[in-house]
Amino acid sequence: MSWGIELWDQNENLAIHTNRGIDALDKFANFLRDRVAIETEYAGKLRRLVKNYQPKKKEEEDNEFTSVQAFRNLLKEVGDLAGQREVVSESLQLQIIAGVTLLSKTLREDRKKCLSDGATLQQNLTTQLSSLDRAKRNYEKAYRDSEKAVDSYKRADMDLNLSRAEVERYKNVMTAKIQQSDDAKNEYANQLQKTNNLQQQHFSILLPAVLSRLQELDEKRTRGFREFIVGAADVESSVAPIIARCMEGIVKAGESINEKEDTFKVIERYQSGFTPPRDIPFEDLSKCDPDSVQDSHYSNSTSNHLTIRGTMSANKLKKRVGIFNIFGSNKNSLTADGQKEDFSDLPPNQRRKKLQAKIAELTQNIAQETKARDGLMKMKIVYEANSSLGNPMTVEGQLNESEHKLEKLKVDLKKYQGFLEKASQVPTATSSPQATRNQLQNGHRTSRHSNGSADDHHDDGDDQPDDAGSLSSSASPESGLGTSHTSLPGSGQGSANENAIGEDTYYETEVETLNPVGKCRALYPFEASSEGSIPMSEGEELQVIEIDQGDGWTRVRRENNSNGWDEGFVPTSYIECTLYA
């Protein structure tokens, strides 16, 4: 089938048809552009969505839960989906839209040329037809003129009144007209032959060639339309396997959620390691010790004379603050998140986990710093062997700095390993509460023991240059001045040495027996392994003679059959206190 043969007389309709076809191709290109814009916008919004729902830094501690991990994997897969949508958008733009635009431009140029050639052929045919019509009209006129001239000559030849000359004139006119008619006839025949030849060539060769070119052009457009639609589908299909893997990843992320594992991790994270408190015992006042009742009444009657520490003072009271707060009442510095350096403010289980994580971090840092130091040492050796490569002194500073960093990391590692070793043992005090109640008296350091005695230790300046530092301890109740309240009856310890401190004393000392300010019950057993602390068993009841001052220690007293009373410090978190009104 050929347009040149079948549609030889539909030139105008074919021109309209080919124009509509190219317009349809341009419409398809605009559709692809809009789709690319949608794909790009969709990918961008997906990426913004993933970015907005990325876990914040403060939420990183929840990454251990399977549900949070699954959500992070979901976000990762959605980000990959956004990437595939961007691939589709880019491929459509570079492969399909560019091809459609180029094809449309080429088709329009070819169509314009074809229509121009067709118009030229039609113009030539029209011109030839005009020449034929003109020759035909000339021939008709010449033929009529010749007929009239013949009639005129015949009438003149039959008219006897005309002279011979006049008849001869009519004859000459007739001959001329006949000659003109013959010439016009020949011209007409010639033009007719030329027109027929041109018309035959026009409709059988020239015009079919132009129409065939239009047909090829339209078929090319149709074929391109098909290829571009299939190509667009192929672009989509090329990313389908990756999208399918993303879907599989999302399904896998969902299936990885384990509620039992998350429950276990919640327990592991928040488990303190303590046991629930026991039942509160009934207090039968009729069976109470009269002395304790008397002490209780005395304590109640004199409760308005309690100092901040909960001790009794017959003279004026002063708050124990001053120069010794310079050294701080807490040896442990705080971390960036406000916790103590040894994490002693955390429950036992959580403390061990924090210490283990810190040790792992320090171990990794030591390994990295060791590699860096080894690299610097090798570089220095190479420079020393071949000075043209570099000056070994330039590496010396970096090597020293690396050595200092490595040494500090090792010291920190040893320190935290010590913390972990203590935390892994039976719960004991991290430092001696009594050892932190030292005094400086006339160049001597006096330590109060649980029995109220005082031992003088002469300090050589060379041995203990940091004597003031001994006054601050992390778990001690206070800095250590004016601790004569710890002395027991009969200890023989007066206030003479203490008064030697003079104006540096921040509250007045006494040698009287401290009255209880409340009572307590041991929630957990405690093994006293440091100076100034006393052991206790779970459920044991003790008298409180000095409340916790924020250092984590409470001063208690128990009745002892051998010497009357035992007095010392126990961890506040190990007891349950009830203070007298």
# chains A, B, ... in the order shown; residues from 1 in each chain; ligands from 1
$ residues_around --residues "Arg111 in chain A" --least-positions-apart "4" --cutoff "10 Å" --atoms "only C-alpha atoms" --output "PyMOL selection string"
chain A and resi 15+18-19+22+105-107+115-117+210+213-215+217-218
$ select_by_dssp --residues "range 537-577 of chain A" --states "strand (DSSP E or B)" --output "list in words"
Glu541, Leu542, Gln543, Val544, Ile545, Glu546, Trp553, Thr554, Arg555, Val556, Arg557, Arg558, Glu559, Asn560, Gly564, Trp565, Asp566, Glu567, Gly568, Phe569, Val570, Pro571, Ile575, Glu576 and Cys577 of chain A
$ residues_around --residues "Ala357 in chain A" --least-positions-apart "5" --cutoff "12 Å" --atoms "only C-alpha atoms" --output "short mmCIF file (atom, residue, chain, number, x, y, z; two decimals) with N, CA and C atoms, in the first residue's frame"
data_model
loop_
_atom_site.label_atom_id
_atom_site.label_comp_id
_atom_site.auth_asym_id
_atom_site.auth_seq_id
_atom_site.Cartn_x
_atom_site.Cartn_y
_atom_site.Cartn_z
N PHE A 343 30.50 6.54 87.18
CA PHE A 343 29.10 6.11 87.06
C PHE A 343 28.58 5.52 88.37
N GLN A 350 23.61 -1.12 85.63
CA GLN A 350 23.83 -0.07 84.65
C GLN A 350 25.25 0.49 84.74
N ARG A 351 25.77 0.52 85.96
CA ARG A 351 27.13 1.01 86.12
C ARG A 351 28.13 0.11 85.42
N ARG A 352 27.95 -1.21 85.59
CA ARG A 352 28.87 -2.14 84.93
C ARG A 352 28.80 -2.02 83.41
N LEU A 362 37.80 2.99 75.05
CA LEU A 362 39.20 3.32 75.27
C LEU A 362 40.13 2.32 74.60
N THR A 363 39.74 1.03 74.62
CA THR A 363 40.57 0.02 73.95
C THR A 363 40.67 0.29 72.46
N GLN A 364 39.55 0.64 71.86
CA GLN A 364 39.56 0.95 70.43
C GLN A 364 40.41 2.20 70.15
N LEU A 413 42.28 3.85 80.75
CA LEU A 413 41.83 2.46 80.65
C LEU A 413 42.06 1.73 81.97
N TYR A 416 39.47 2.95 84.52
CA TYR A 416 38.11 2.41 84.34
C TYR A 416 38.08 0.91 84.58
N GLN A 417 39.16 0.22 84.30
CA GLN A 417 39.21 -1.20 84.65
C GLN A 417 39.14 -1.39 86.16
N LEU A 420 35.57 -0.90 87.09
CA LEU A 420 34.78 -2.09 86.76
C LEU A 420 35.05 -3.22 87.75
#
$ closest_residue --among "A:Glu255, A:Glu384, A:Glu540, A:Glu39" --to "Arg521 in chain A" --atoms "only C-alpha atoms"
A:Glu540
